[in-house]
Amino acid sequence: MAQLVASRRPGRGIPSAPELAALSVAGLLLFFAAWYGVAASGWVPSRFLPGPQVIAEMIDRLAQQPYAGYTIQVHTLASLKRFALGFGLAAALGVPLGLLMGWYRWLDDLVTPLFEAVRFVAPIAWVPFAALWFGTGIGGPILIIFSGAFPPCVINAYRGARQVDKVLVEAAQTLGAGGLRAIGEVLVPAALPSIVAGLRVSAGLGWQSLIGAELIVVSSGVGYLMVQGQTSLQTPIVMSAMVAIGVIGFVIDVALRALERAVRRSWGDQG
Amino acid sequence: MFRNVKRAFRRSDQEVLALDDVSFEVGEKEFVAIVGPSGCGKTTLLRMAAGLDFPSAGSVLVGAHEVAGPGPDRAVVFQQFALFPWKTVEENIGFGLRCRGTPSDARAAIVARYVELMGLQGYERAYPQQLSGGMQQRVAIARSYALDPDVLLMDEPFGALDAQTRVVMQEELIKLCRVNPRTALFITHSVEEAVYLADRVVVMTRSPGRIREILDIASVRRREAWEKLEHVEEVMDLESFVHLRTRIWRMLREQQEGAAVPGVPAQPA
């Protein structure tokens, strides 16, 4: 594989890693340049589209002076804490449920119809119940993140479990592995790539749902910051919150992608 | 001691008779090969011995006990190798020992012994997909042997290998069985492979799967001193080998012609 890539590198077609990184940077620069250009040209009132330099200043200010009760770091941490709890709960319940549904046929038949119906209810639809059941406590946002993050955890773990090569399970049984060991040492590792792919999707949806939840049911967090900025017509604050949401989502995804790569390596995949 | 009585077996969905009144025994430390066309139920027989499948009538006995499920006393070598891709060669070979609860130092010693016996030195920490097919099957055989099983069940273990690797593996298996004789049931498509490896060859027919004949190879092998020859092709050149091979081929051909009746349902092997 290494020689193959090396022999291709001088030719056209497949760009090298530094070239790709340069492209990514160029894309970002182009975006900010266009943004700056449009904002500075005066075509659009600055209240509707503040330039990037305004946002940068605003973020700096929000980091030092509390707005809507807290600094932007504290808002971000509050959001992250809710995210970690909701996403963690979704993964901790969803992955085992999906695996067991793939392993035991009866559980599959028992749970699937209900699950297939409930998963189409958008996370935001739970907001009234989140408010009703939990008030402004931490339970509300967690319920909403959970409703976004749970289905992909279940579905991917289930698919992973169903796709496990049956002969591996049989091999483990003939080698003397009991049920628990077969699940722990064959089913879980065999399904792991699919599980991790599910966690990535789930984290993305969970993070999005959280922001939706914070627009409504809480009094801290990035989503709350955004809605406060909106009610006082402070577009730079709204955009600062959007930047924070994007950056954090990106970081979460990078972390899970690293996890994905680590899993592939532990499978002996060198690529 | 492996006593094996097998009988009628029905496929549940369509009530196709896959195996009809099959009875034979594999003696202690005897190597029995089953040959037959695809769909004669030979793999089903092996799976029943392994406890991965069950007869619809009759019984499968290992020793004095009816087979109730899979167990490490009957090791299986699968055609697709069935190695755990997330485990290294060492971890694969040691898996069964770990299930058994063998302490780690004893386990390491056993693993090292089979790594050496199967010529896998230097690959202990490699993952299966980094190895060639032949090497992977060596790992699978080592994994089975490491448990010191009473019975070795091999389902076309060399079927996925290229012709040259296959020959090398056949010679290795013969050597391994000489050093370390086991009661063995070996499924194959290849008549040559069966005659070369086995003490007895069970020839099967299809639709329904029945035993056509059981040939005694061991007595011929002893009489003609096949063991003195090191290589497969030398043995295959002997008149006694050619004679046996031709006999089996004739049996298989005659059933093929006889079975060319339309409407006979095809079944998976």
# chains A, B, ... in the order shown; residues from 1 in each chain; ligands from 1
$ interface_residues --of "chain A" --to "chain B" --cutoff "10 Å" --atoms "only C-alpha atoms" --output "JSON, numbers by chain"
{"A": [165, 166, 167, 168, 169, 170, 171, 172, 173, 174, 175, 176, 177, 178, 181, 182, 185, 186, 189, 190, 263, 264, 265, 266, 267, 268, 269, 270]}
$ atom_distance --atom1 "CA of Ala218 (chain B)" --atom2 "CA of Met135 (chain B)"
28.8 Å
$ residues_around --residues "Tyr36 (chain A)" --least-positions-apart "4" --cutoff "9 Å" --atoms "only C-alpha atoms" --output "CSV table (one decimal) with C-alpha atoms, in the first residue's frame"
chain,number,residue,atom,x,y,z
A,31,PHE,CA,-14.9,32.4,3.1
A,32,PHE,CA,-13.7,35.0,5.6
A,40,ALA,CA,-17.3,46.2,4.5
A,41,SER,CA,-18.9,47.2,1.1
A,50,PRO,CA,-21.6,42.3,10.9
A,51,GLY,CA,-18.1,41.6,9.6
A,52,PRO,CA,-15.8,38.9,10.9
A,53,GLN,CA,-13.6,41.5,12.7
$ residues_around --residues "region 43-48 of chain B" --least-positions-apart "2" --cutoff "10 Å" --atoms "only C-alpha atoms" --output "PyMOL selection string"
chain B and resi 6-7+9+18-19+22+34+38-41+50-55+59-61+67-70+76+153-156+185-188+209+268-269
$ write_last_selection --atoms "N, CA and C atoms" --output "mmCIF file, in the first residue's frame"
data_model
loop_
_atom_site.group_PDB
_atom_site.id
_atom_site.type_symbol
_atom_site.label_atom_id
_atom_site.label_comp_id
_atom_site.auth_asym_id
_atom_site.auth_seq_id
_atom_site.Cartn_x
_atom_site.Cartn_y
_atom_site.Cartn_z
ATOM 1 N N LYS B 6 -25.075 -41.492 12.711
ATOM 2 C CA LYS B 6 -25.848 -40.389 12.141
ATOM 3 C C LYS B 6 -26.979 -40.900 11.291
ATOM 4 N N ARG B 7 -28.062 -40.198 11.299
ATOM 5 C CA ARG B 7 -29.243 -40.692 10.602
ATOM 6 C C ARG B 7 -29.949 -39.606 9.833
ATOM 7 N N PHE B 9 -31.937 -36.606 8.463
ATOM 8 C CA PHE B 9 -31.894 -35.204 8.856
ATOM 9 C C PHE B 9 -32.725 -34.413 7.862
ATOM 10 N N ALA B 18 -31.834 -33.979 3.549
ATOM 11 C CA ALA B 18 -30.442 -33.652 3.221
ATOM 12 C C ALA B 18 -29.529 -34.831 3.502
ATOM 13 N N LEU B 19 -29.850 -35.555 4.559
ATOM 14 C CA LEU B 19 -29.045 -36.719 4.917
ATOM 15 C C LEU B 19 -30.002 -37.839 5.274
ATOM 16 N N VAL B 22 -27.538 -41.967 7.598
ATOM 17 C CA VAL B 22 -26.082 -42.004 7.529
ATOM 18 C C VAL B 22 -25.537 -42.546 8.846
ATOM 19 N N ILE B 34 -14.444 -37.270 4.330
ATOM 20 C CA ILE B 34 -15.704 -37.432 3.612
ATOM 21 C C ILE B 34 -15.594 -36.698 2.284
ATOM 22 N N SER B 38 -21.181 -31.297 -4.063
ATOM 23 C CA SER B 38 -21.791 -30.202 -3.293
ATOM 24 C C SER B 38 -23.236 -30.561 -3.005
ATOM 25 N N GLY B 39 -23.682 -30.295 -1.806
ATOM 26 C CA GLY B 39 -25.070 -30.553 -1.486
ATOM 27 C C GLY B 39 -25.338 -31.974 -1.023
ATOM 28 N N CYS B 40 -24.278 -32.750 -0.759
ATOM 29 C CA CYS B 40 -24.535 -34.112 -0.282
ATOM 30 C C CYS B 40 -24.669 -34.123 1.233
ATOM 31 N N GLY B 41 -24.484 -32.952 1.861
ATOM 32 C CA GLY B 41 -24.685 -32.882 3.304
ATOM 33 C C GLY B 41 -23.443 -33.159 4.118
ATOM 34 N N ALA B 50 -19.850 -31.015 15.438
ATOM 35 C CA ALA B 50 -19.362 -29.854 16.185
ATOM 36 C C ALA B 50 -20.401 -29.331 17.169
ATOM 37 N N GLY B 51 -21.663 -29.731 16.989
ATOM 38 C CA GLY B 51 -22.720 -29.215 17.850
ATOM 39 C C GLY B 51 -23.273 -27.894 17.359
ATOM 40 N N LEU B 52 -23.025 -27.567 16.088
ATOM 41 C CA LEU B 52 -23.555 -26.327 15.513
ATOM 42 C C LEU B 52 -24.836 -26.586 14.727
ATOM 43 N N ASP B 53 -25.181 -27.863 14.594
ATOM 44 C CA ASP B 53 -26.368 -28.259 13.862
ATOM 45 C C ASP B 53 -26.831 -29.575 14.504
ATOM 46 N N PHE B 54 -28.109 -29.893 14.332
ATOM 47 C CA PHE B 54 -28.593 -31.084 15.021
ATOM 48 C C PHE B 54 -29.393 -31.973 14.090
ATOM 49 N N PRO B 55 -29.315 -33.288 14.276
ATOM 50 C CA PRO B 55 -30.066 -34.189 13.401
ATOM 51 C C PRO B 55 -31.551 -34.120 13.728
ATOM 52 N N SER B 59 -28.889 -39.967 16.066
ATOM 53 C CA SER B 59 -28.086 -39.271 17.066
ATOM 54 C C SER B 59 -26.621 -39.219 16.662
ATOM 55 N N VAL B 60 -25.989 -38.186 17.172
ATOM 56 C CA VAL B 60 -24.561 -38.002 16.945
ATOM 57 C C VAL B 60 -23.879 -38.158 18.289
ATOM 58 N N LEU B 61 -22.983 -39.106 18.367
ATOM 59 C CA LEU B 61 -22.334 -39.380 19.646
ATOM 60 C C LEU B 61 -20.844 -39.111 19.550
ATOM 61 N N VAL B 67 -24.043 -35.390 21.287
ATOM 62 C CA VAL B 67 -23.587 -34.002 21.141
ATOM 63 C C VAL B 67 -24.734 -33.043 21.472
ATOM 64 N N ALA B 68 -24.497 -32.144 22.432
ATOM 65 C CA ALA B 68 -25.560 -31.214 22.846
ATOM 66 C C ALA B 68 -25.273 -29.785 22.399
ATOM 67 N N GLY B 69 -24.053 -29.503 22.008
ATOM 68 C CA GLY B 69 -23.690 -28.145 21.608
ATOM 69 C C GLY B 69 -22.208 -28.088 21.344
ATOM 70 N N PRO B 70 -21.728 -26.913 20.913
ATOM 71 C CA PRO B 70 -20.301 -26.812 20.625
ATOM 72 C C PRO B 70 -19.464 -26.885 21.894
ATOM 73 N N VAL B 76 -12.888 -27.116 15.644
ATOM 74 C CA VAL B 76 -13.304 -27.003 14.249
ATOM 75 C C VAL B 76 -12.340 -26.092 13.494
ATOM 76 N N LEU B 153 -12.231 -31.402 13.780
ATOM 77 C CA LEU B 153 -13.213 -31.375 12.693
ATOM 78 C C LEU B 153 -12.765 -30.334 11.677
ATOM 79 N N MET B 154 -12.531 -30.776 10.450
ATOM 80 C CA MET B 154 -12.020 -29.836 9.447
ATOM 81 C C MET B 154 -12.955 -29.785 8.248
ATOM 82 N N ASP B 155 -13.472 -28.586 8.003
ATOM 83 C CA ASP B 155 -14.454 -28.402 6.929
ATOM 84 C C ASP B 155 -13.773 -27.747 5.726
ATOM 85 N N GLU B 156 -13.361 -28.545 4.790
ATOM 86 C CA GLU B 156 -12.626 -28.049 3.617
ATOM 87 C C GLU B 156 -11.604 -26.997 4.007
ATOM 88 N N LEU B 185 -12.098 -35.726 11.567
ATOM 89 C CA LEU B 185 -13.095 -35.818 10.504
ATOM 90 C C LEU B 185 -12.809 -34.670 9.556
ATOM 91 N N PHE B 186 -12.623 -35.023 8.290
ATOM 92 C CA PHE B 186 -12.107 -34.056 7.329
ATOM 93 C C PHE B 186 -13.034 -34.031 6.119
ATOM 94 N N ILE B 187 -13.596 -32.841 5.822
ATOM 95 C CA ILE B 187 -14.504 -32.710 4.686
ATOM 96 C C ILE B 187 -13.738 -32.132 3.511
ATOM 97 N N THR B 188 -13.904 -32.687 2.334
ATOM 98 C CA THR B 188 -13.218 -32.109 1.184
ATOM 99 C C THR B 188 -13.969 -32.395 -0.113
ATOM 100 N N GLY B 209 -28.488 -37.096 0.838
ATOM 101 C CA GLY B 209 -27.124 -37.481 1.168
ATOM 102 C C GLY B 209 -27.083 -38.857 1.822
ATOM 103 N N PRO B 268 -27.763 -26.254 -0.662
ATOM 104 C CA PRO B 268 -26.419 -25.752 -0.329
ATOM 105 C C PRO B 268 -25.608 -26.824 0.367
ATOM 106 N N ALA B 269 -24.305 -26.755 0.220
ATOM 107 C CA ALA B 269 -23.434 -27.769 0.813
ATOM 108 C C ALA B 269 -23.489 -27.713 2.320
#
$ residues_around --residues "Ile142 (chain A)" --least-positions-apart "3" --cutoff "8 Å" --atoms "only C-alpha atoms" --output "list in words"
Arg82, Phe83, Leu85, Gly86, Ile138, Gly139, Ile145, Phe146 and Leu210 of chain A
$ atom_distance --atom1 "CA of Asp105 (chain B)" --atom2 "CA of Leu120 (chain B)"
19.4 Å
$ select_by_dssp --residues "region 5-253 of chain B" --states "strand (DSSP E or B)" --output "NGL selection string"
:B and (5 or 9-11 or 16-19 or 23 or 26 or 31-35 or 61-62 or 65-66 or 74-77 or 151-155 or 183-188 or 200-205 or 209-216)
$ residues_around --residues "region 215-229 of chain A" --least-positions-apart "2" --cutoff "10 Å" --atoms "only C-alpha atoms" --output "ChimeraX atom specification"
/A:67-82,124,127-128,130-132,134-138,140-141,208,210-213,231-245
$ write_last_selection --atoms "N, CA and C atoms" --output "short mmCIF file (atom, residue, chain, number, x, y, z; two decimals), in the first residue's frame"
data_model
loop_
_atom_site.label_atom_id
_atom_site.label_comp_id
_atom_site.auth_asym_id
_atom_site.auth_seq_id
_atom_site.Cartn_x
_atom_site.Cartn_y
_atom_site.Cartn_z
N TYR A 67 -22.27 38.11 29.80
CA TYR A 67 -23.48 38.52 29.11
C TYR A 67 -24.52 37.44 29.37
N ALA A 68 -25.74 37.83 29.58
CA ALA A 68 -26.80 36.88 29.94
C ALA A 68 -26.38 36.05 31.15
N GLY A 69 -25.67 36.70 32.07
CA GLY A 69 -25.34 36.04 33.33
C GLY A 69 -23.92 35.52 33.43
N TYR A 70 -23.35 35.10 32.30
CA TYR A 70 -22.03 34.47 32.37
C TYR A 70 -21.17 34.89 31.20
N THR A 71 -19.86 34.60 31.31
CA THR A 71 -18.98 34.79 30.16
C THR A 71 -19.23 33.67 29.17
N ILE A 72 -18.71 33.85 27.92
CA ILE A 72 -18.97 32.85 26.88
C ILE A 72 -18.34 31.50 27.24
N GLN A 73 -17.20 31.54 27.97
CA GLN A 73 -16.59 30.26 28.36
C GLN A 73 -17.53 29.48 29.28
N VAL A 74 -18.14 30.20 30.22
CA VAL A 74 -19.02 29.53 31.18
C VAL A 74 -20.26 28.98 30.45
N HIS A 75 -20.78 29.79 29.50
CA HIS A 75 -21.92 29.31 28.70
C HIS A 75 -21.55 28.03 27.95
N THR A 76 -20.37 28.08 27.33
CA THR A 76 -19.91 26.93 26.56
C THR A 76 -19.77 25.69 27.44
N LEU A 77 -19.15 25.91 28.62
CA LEU A 77 -18.97 24.77 29.52
C LEU A 77 -20.30 24.19 29.97
N ALA A 78 -21.26 25.09 30.23
CA ALA A 78 -22.58 24.61 30.64
C ALA A 78 -23.19 23.74 29.54
N SER A 79 -23.05 24.22 28.28
CA SER A 79 -23.57 23.43 27.16
C SER A 79 -22.86 22.09 27.05
N LEU A 80 -21.53 22.14 27.17
CA LEU A 80 -20.76 20.91 27.03
C LEU A 80 -21.11 19.89 28.11
N LYS A 81 -21.37 20.40 29.31
CA LYS A 81 -21.70 19.50 30.40
C LYS A 81 -23.02 18.78 30.11
N ARG A 82 -24.01 19.56 29.64
CA ARG A 82 -25.29 18.95 29.29
C ARG A 82 -25.12 17.96 28.15
N ILE A 124 -36.74 18.32 18.90
CA ILE A 124 -37.35 19.59 19.31
C ILE A 124 -38.80 19.39 19.76
N VAL A 127 -39.51 19.29 23.44
CA VAL A 127 -39.30 20.48 24.26
C VAL A 127 -40.45 20.74 25.24
N PRO A 128 -41.71 20.69 24.79
CA PRO A 128 -42.80 20.94 25.76
C PRO A 128 -42.75 19.98 26.94
N ALA A 130 -40.08 18.37 27.99
CA ALA A 130 -38.88 18.65 28.77
C ALA A 130 -39.18 19.76 29.78
N ALA A 131 -39.90 20.79 29.31
CA ALA A 131 -40.23 21.91 30.19
C ALA A 131 -41.22 21.47 31.25
N LEU A 132 -42.20 20.68 30.81
CA LEU A 132 -43.26 20.24 31.72
C LEU A 132 -42.72 19.32 32.81
N PHE A 134 -39.40 18.65 33.63
CA PHE A 134 -38.18 18.99 34.36
C PHE A 134 -38.06 20.47 34.70
N GLY A 135 -39.00 21.31 34.22
CA GLY A 135 -38.87 22.75 34.47
C GLY A 135 -37.60 23.27 33.83
N THR A 136 -36.82 24.05 34.61
CA THR A 136 -35.57 24.55 34.06
C THR A 136 -34.40 23.73 34.55
N GLY A 137 -34.66 22.59 35.16
CA GLY A 137 -33.57 21.73 35.65
C GLY A 137 -32.78 21.12 34.50
N ILE A 138 -31.75 20.37 34.86
CA ILE A 138 -30.86 19.83 33.85
C ILE A 138 -31.50 18.67 33.08
N GLY A 140 -34.33 18.51 31.48
CA GLY A 140 -34.95 18.89 30.22
C GLY A 140 -34.01 18.82 29.03
N PRO A 141 -32.92 19.61 29.08
CA PRO A 141 -31.99 19.53 27.95
C PRO A 141 -31.44 18.13 27.74
N GLN A 208 -26.58 19.32 17.99
CA GLN A 208 -27.58 20.18 17.35
C GLN A 208 -28.86 20.28 18.19
N LEU A 210 -29.13 19.92 21.32
CA LEU A 210 -28.88 20.65 22.56
C LEU A 210 -29.11 22.15 22.34
N ILE A 211 -28.57 22.66 21.23
CA ILE A 211 -28.72 24.08 20.97
C ILE A 211 -30.21 24.43 20.86
N GLY A 212 -30.92 23.55 20.18
CA GLY A 212 -32.37 23.75 20.09
C GLY A 212 -33.01 23.80 21.47
N ALA A 213 -32.57 22.90 22.34
CA ALA A 213 -33.13 22.84 23.69
C ALA A 213 -32.81 24.10 24.47
N THR A 231 -33.05 38.52 21.23
CA THR A 231 -34.13 39.34 21.76
C THR A 231 -33.70 40.78 21.93
N SER A 232 -32.37 41.01 22.13
CA SER A 232 -31.94 42.39 22.25
C SER A 232 -31.36 42.90 20.92
N LEU A 233 -31.65 42.18 19.83
CA LEU A 233 -31.23 42.58 18.48
C LEU A 233 -29.72 42.79 18.35
N GLN A 234 -28.97 41.97 19.07
CA GLN A 234 -27.52 42.08 19.01
C GLN A 234 -26.98 41.00 18.07
N THR A 235 -26.99 41.26 16.76
CA THR A 235 -26.53 40.23 15.82
C THR A 235 -25.10 39.75 16.10
N PRO A 236 -24.17 40.62 16.50
CA PRO A 236 -22.81 40.09 16.75
C PRO A 236 -22.81 39.00 17.83
N ILE A 237 -23.69 39.14 18.83
CA ILE A 237 -23.73 38.11 19.88
C ILE A 237 -24.28 36.80 19.32
N VAL A 238 -25.34 36.94 18.51
CA VAL A 238 -25.90 35.72 17.90
C VAL A 238 -24.84 35.00 17.09
N MET A 239 -24.10 35.79 16.30
CA MET A 239 -23.09 35.16 15.45
C MET A 239 -21.93 34.60 16.26
N SER A 240 -21.57 35.25 17.33
CA SER A 240 -20.51 34.72 18.19
C SER A 240 -20.91 33.36 18.73
N ALA A 241 -22.18 33.25 19.14
CA ALA A 241 -22.66 31.97 19.65
C ALA A 241 -22.63 30.93 18.54
N MET A 242 -22.99 31.34 17.31
CA MET A 242 -22.95 30.40 16.20
C MET A 242 -21.54 29.89 15.95
N VAL A 243 -20.57 30.83 16.05
CA VAL A 243 -19.18 30.42 15.86
C VAL A 243 -18.78 29.40 16.93
N ALA A 244 -19.16 29.69 18.17
CA ALA A 244 -18.82 28.76 19.26
C ALA A 244 -19.43 27.38 19.02
N ILE A 245 -20.69 27.38 18.57
CA ILE A 245 -21.36 26.09 18.29
C ILE A 245 -20.62 25.32 17.21
#
$ closest_residue --among "B:Gln170, B:Ser23, B:Ser240, B:Ser219" --to "Arg138 (chain B)" --atoms "only C-alpha atoms"
B:Gln170
$ atom_distance --atom1 "CA of Cys153 (chain A)" --atom2 "CA of Gly198 (chain A)"
5.2 Å
